[in-house]
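Trainee: Have a look at this one.
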Amino acid sequence: MNIKADEVASLKALDKEHVWHHITPTAAAKAGVPLFVRGEGLQLWDSEGKEYLDASSGGVWVTNVGYGRREIADAVHEQLCALNYFSGAAATKPGALFADALIDKMPGMSRVYYSSSGSEANEKAFKMVRQIAAKHYGGKKHKILFRERDYHGTTITALSASGQNERREQFGPFTPGFVEFPHCLEYRNQYGNDVDYGVRAAEAMEEVILREGADTVGAVILEPITAGGGIILPPQGYWEKIREICDKYNVLLIIDEVVCGLGRTGAWFGYQHYGIKPDMVTMAKGVASGYAPISCTVTTEKVYELLSEAEGDHLGFFRDISTFGGCTSAPAAALKNMEILENENLIENSARMGERLLAGFETLKAKHPVIGDVRGKGLFCGIEMVADRETREPVHESVSAAVAGRCKELGLLIGRTNRSIAGYNNVLNFAPALVITEAQVDRIIEVLDQAFSEVCA
Ligand code: PMP
């Protein structure tokens, strides 16, 4: 799409005057933000014709199949012309087909509940837990545990379940019944070096279950790999122990795949790297790669049955609705998105290119002392920046901001996590579209090398 020069000026002025941008400090918004006009694969063009390589998949890890997918637009167009909407007790073609295709990728899971954002998908999971507690445990087993540094969404209850204080500040009081347990970032081991870290970190969750009383805890929610909280990979043995503890205390395991789902980490779902069986899985961003707003709360048949009414209990089913969960364009886009992931072998590409990216980070680490740790799985990787490798003291966030800023000037878009365990925004994150090529991976490394050299010399 070409926008004429005089229209660009007017659009920028209108934006400055009326658009309230997400997570953008007022000063930055007033200084002006780029006007993006077109995308293709990983490439983006702004209104001045400047080209960017987007390693952030639209800023917040969404565009798994890349920009400019006409086949998704066509599928959405066709569906909208046939039937755009119906909600409640009626089937639609894309709703049925996508649910079936999704369950096919998730052995052990059975039911798909549609909504339209990651926060909402998690809210649905929480409501399921609360209703199961009400129906089967006299309301007692209602607490939901969450992990330090994990994020589960922007609504007040999803924030109540989020372990990122910097995002919670100024929004309390929160929904009662949500309890935090400690993080599992081995690079910032809080238990000393003579422990089996993965098992010890999982036991920290068990300690909270026991402190709260297992008969009051209905579920735990975790990200398979913590995203915005600092790219935290589970240590060896962690997930197995988490599942074991959940089984021991009859606690449902909810896995938040809002970021990791649909190939981001080199498997269909992040949890599948660790061979564990969840009770509920939530997902959003990559489900339709940003071509339509769609999220899913996927459960086992057992969870579905716990929320089915008994004879004579007319109010016993899951008493919830999501109006826009009935938009048919969303599963139509999701179905085509999944077809692309499959036909173009993008899950495998994510695994392969992720290894190449991480290997590139290792070479940068050997060269730049400011890099303390590099970590990732598939195309979801991070670089933790430190002022001192020995003490692992984090760099001030102005340093990581300067690196990200220099990358942007050089035409590479990358992300920075919210505050990390270390207390600063010192982790750079990378989540390019899964269509990335070897040459594009190498370009990311090249630009980063230049940015680190210039900013951190
Ligand atoms: N869960 C995770 C792990 C996320 O990263 C996010 C968003 N960044 C959400 C949930 C919330 O998703 P949404 O913004 O679509 O509500």
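Following the order of the structure tokens, chains are lettered A, B, ..., residues in each are numbered from 1, and ligands are numbered from 1.
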Which residues form the shell of 10 Å around ligand 1 when you count only C-alpha atoms and all ligand atoms, given as number ranges by chain?
Mentor: A: 59-62, 116-123, 150-155, 158-159, 162, 222-229, 255-261, 282-285, 293-295
Trainee: Next, write the just-selected residues to a file, as a tab-separated table (two decimals), in the first residue's frame, keeping N, CA and C atoms as the atom set.
Mentor:
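Now in again-v1.tsv:
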chain	number	residue	atom	x	y	z
A	59	GLY	N	6.21	-6.83	17.25
A	59	GLY	CA	6.39	-6.19	18.56
A	59	GLY	C	6.18	-7.15	19.71
A	60	VAL	N	5.14	-7.97	19.64
A	60	VAL	CA	4.84	-8.85	20.77
A	60	VAL	C	4.61	-10.31	20.33
A	61	TRP	N	5.48	-10.79	19.40
A	61	TRP	CA	5.59	-12.23	19.13
A	61	TRP	C	4.29	-12.85	18.58
A	62	VAL	N	3.75	-12.23	17.54
A	62	VAL	CA	2.44	-12.65	17.05
A	62	VAL	C	2.48	-13.30	15.66
A	116	SER	N	-11.15	-14.26	22.33
A	116	SER	CA	-10.41	-13.43	21.37
A	116	SER	C	-9.13	-12.77	21.87
A	117	SER	N	-8.66	-13.08	23.06
A	117	SER	CA	-7.33	-12.58	23.47
A	117	SER	C	-6.72	-13.54	24.47
A	118	GLY	N	-5.42	-13.41	24.65
A	118	GLY	CA	-4.73	-14.29	25.58
A	118	GLY	C	-5.24	-14.13	27.00
A	119	SER	N	-5.47	-12.89	27.41
A	119	SER	CA	-5.98	-12.64	28.76
A	119	SER	C	-7.31	-13.34	28.94
A	120	GLU	N	-8.14	-13.22	27.92
A	120	GLU	CA	-9.47	-13.82	28.01
A	120	GLU	C	-9.39	-15.35	28.10
A	121	ALA	N	-8.49	-15.94	27.30
A	121	ALA	CA	-8.35	-17.40	27.35
A	121	ALA	C	-7.95	-17.83	28.76
A	122	ASN	N	-7.07	-17.06	29.40
A	122	ASN	CA	-6.68	-17.40	30.78
A	122	ASN	C	-7.82	-17.17	31.76
A	123	GLU	N	-8.57	-16.09	31.56
A	123	GLU	CA	-9.74	-15.84	32.42
A	123	GLU	C	-10.71	-17.02	32.35
A	150	ASP	N	6.19	-14.89	35.55
A	150	ASP	CA	5.26	-15.25	34.46
A	150	ASP	C	4.21	-14.14	34.31
A	151	TYR	N	3.70	-14.03	33.10
A	151	TYR	CA	2.64	-13.04	32.82
A	151	TYR	C	1.48	-13.77	32.17
A	152	HIS	N	0.26	-13.44	32.60
A	152	HIS	CA	-0.90	-14.13	32.03
A	152	HIS	C	-1.97	-13.20	31.49
A	153	GLY	N	-1.69	-11.90	31.48
A	153	GLY	CA	-2.65	-11.03	30.82
A	153	GLY	C	-2.90	-9.72	31.51
A	154	THR	N	-3.70	-8.92	30.85
A	154	THR	CA	-3.82	-7.52	31.19
A	154	THR	C	-5.07	-7.17	32.03
A	155	THR	N	-6.07	-8.05	32.01
A	155	THR	CA	-7.28	-7.76	32.79
A	155	THR	C	-6.95	-7.92	34.28
A	158	ALA	N	-6.35	-11.54	35.34
A	158	ALA	CA	-5.15	-12.11	34.71
A	158	ALA	C	-3.90	-11.47	35.32
A	159	LEU	N	-3.98	-10.19	35.65
A	159	LEU	CA	-2.85	-9.52	36.33
A	159	LEU	C	-2.68	-10.05	37.74
A	162	SER	N	-0.36	-12.78	37.69
A	162	SER	CA	0.90	-12.51	37.00
A	162	SER	C	2.00	-12.11	37.97
A	222	LEU	N	1.31	-21.91	34.48
A	222	LEU	CA	2.71	-21.59	34.15
A	222	LEU	C	2.85	-21.40	32.65
A	223	GLU	N	3.81	-20.56	32.28
A	223	GLU	CA	4.22	-20.50	30.89
A	223	GLU	C	5.24	-21.63	30.68
A	224	PRO	N	5.23	-22.30	29.53
A	224	PRO	CA	6.22	-23.37	29.30
A	224	PRO	C	7.64	-22.81	29.32
A	225	ILE	N	7.79	-21.64	28.68
A	225	ILE	CA	9.04	-20.87	28.74
A	225	ILE	C	8.57	-19.44	29.04
A	226	THR	N	9.05	-18.87	30.12
A	226	THR	CA	8.59	-17.53	30.49
A	226	THR	C	9.01	-16.53	29.42
A	227	ALA	N	8.07	-15.76	28.93
A	227	ALA	CA	8.33	-14.86	27.82
A	227	ALA	C	8.76	-13.47	28.32
A	228	GLY	N	7.78	-12.59	28.51
A	228	GLY	CA	8.07	-11.20	28.87
A	228	GLY	C	8.82	-11.05	30.18
A	229	GLY	N	8.80	-12.09	31.01
A	229	GLY	CA	9.48	-12.03	32.30
A	229	GLY	C	10.97	-12.31	32.21
A	255	ILE	N	-1.41	-24.67	31.30
A	255	ILE	CA	-0.21	-24.18	30.63
A	255	ILE	C	-0.58	-23.04	29.68
A	256	ASP	N	0.09	-21.91	29.89
A	256	ASP	CA	-0.18	-20.71	29.09
A	256	ASP	C	0.74	-20.71	27.88
A	257	GLU	N	0.18	-21.10	26.74
A	257	GLU	CA	0.93	-21.16	25.48
A	257	GLU	C	0.62	-19.95	24.60
A	258	VAL	N	0.20	-18.85	25.23
A	258	VAL	CA	-0.18	-17.66	24.46
A	258	VAL	C	0.98	-17.22	23.56
A	259	VAL	N	2.21	-17.29	24.07
A	259	VAL	CA	3.38	-16.94	23.26
A	259	VAL	C	3.96	-18.18	22.57
A	260	CYS	N	4.15	-19.25	23.33
A	260	CYS	CA	4.93	-20.40	22.83
A	260	CYS	C	4.17	-21.28	21.85
A	261	GLY	N	2.85	-21.17	21.82
A	261	GLY	CA	2.05	-22.06	21.00
A	261	GLY	C	2.25	-21.86	19.51
A	282	THR	N	-3.88	-22.72	27.25
A	282	THR	CA	-4.42	-21.51	26.64
A	282	THR	C	-3.46	-21.03	25.55
A	283	MET	N	-4.00	-20.38	24.53
A	283	MET	CA	-3.16	-19.93	23.41
A	283	MET	C	-3.82	-18.74	22.73
A	284	ALA	N	-3.01	-17.94	22.05
A	284	ALA	CA	-3.59	-16.78	21.37
A	284	ALA	C	-2.72	-16.31	20.20
A	285	LYS	N	-1.62	-15.65	20.49
A	285	LYS	CA	-0.89	-14.86	19.47
A	285	LYS	C	-0.71	-15.57	18.12
A	293	PRO	N	-8.25	-11.72	15.54
A	293	PRO	CA	-8.10	-11.95	16.98
A	293	PRO	C	-8.77	-13.25	17.37
A	294	ILE	N	-7.99	-14.18	17.89
A	294	ILE	CA	-8.56	-15.46	18.32
A	294	ILE	C	-7.72	-16.03	19.45
A	295	SER	N	-8.38	-16.59	20.44
A	295	SER	CA	-7.67	-17.34	21.48
A	295	SER	C	-8.48	-18.58	21.80
Trainee: Near region 238-250 of chain A, within 7 Å and counting only C-alpha atoms, which residues show up once chain neighbours fewer than 3 positions away are dropped, as a compact mmCIF listing (two decimals) with N, CA and C atoms, in the first residue's frame?
Mentor:
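And here is the file that came out, selection.txt:
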# COMPACT_ATOMS: atom_id res chain seq x y z
N GLY A 198 16.44 -27.96 39.09
CA GLY A 198 15.10 -28.13 38.52
C GLY A 198 14.12 -28.68 39.54
N VAL A 199 14.57 -29.70 40.27
CA VAL A 199 13.70 -30.33 41.27
C VAL A 199 13.45 -29.35 42.42
N ALA A 202 10.96 -26.69 41.49
CA ALA A 202 9.58 -27.22 41.46
C ALA A 202 9.07 -27.43 42.89
N GLU A 206 5.58 -26.73 45.52
CA GLU A 206 4.95 -27.64 46.48
C GLU A 206 4.86 -26.99 47.86
N ALA A 214 -3.45 -27.97 50.57
CA ALA A 214 -3.73 -28.56 49.26
C ALA A 214 -5.23 -28.61 48.96
N PRO A 234 12.78 -23.75 31.42
CA PRO A 234 12.71 -24.62 32.60
C PRO A 234 14.00 -25.40 32.77
N PRO A 235 14.54 -25.47 33.97
CA PRO A 235 15.74 -26.26 34.19
C PRO A 235 15.43 -27.75 34.09
N LEU A 253 -3.27 -28.58 36.11
CA LEU A 253 -2.12 -27.90 35.51
C LEU A 253 -2.58 -27.14 34.27
N TYR A 274 8.69 -31.24 26.75
CA TYR A 274 8.99 -31.82 28.06
C TYR A 274 8.13 -33.06 28.37
N ILE A 276 5.02 -33.61 29.00
CA ILE A 276 4.05 -33.62 30.11
C ILE A 276 2.63 -33.45 29.59
Trainee: Neighbours of region 75-80 of chain A within 10 Å (only C-alpha atoms; same-chain residues fewer than 4 positions away dropped), as a list in words?
Mentor: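 Answer for this query is Arg70, Glu71, Asn84, Tyr85, Lys93, Pro94, Tyr291, Ala292, Cys327, Thr328, Ser329, Ala330, Pro331, Ala332, Ala333, Ala334, Leu335, Lys336 and Asn337 of chain A.
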Trainee: May I have the residues within 12 Å of Val427 (chain A) as an MDAnalysis selection string, using only C-alpha atoms and disregarding those fewer than 3 positions away in the same chain?
Mentor: chainID A and resid 227:232 370:376 381:386 394:401 403:404 414:424 430
Trainee: A:Ala351, A:Ile321, A:Ala29, A:Leu102: which is nearest Glu339 (chain A), counting only C-alpha atoms?
Mentor: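 Between A:Ala351, A:Ile321, A:Ala29, A:Leu102, the residue approaching Glu339 (chain A) most closely is A:Leu102.
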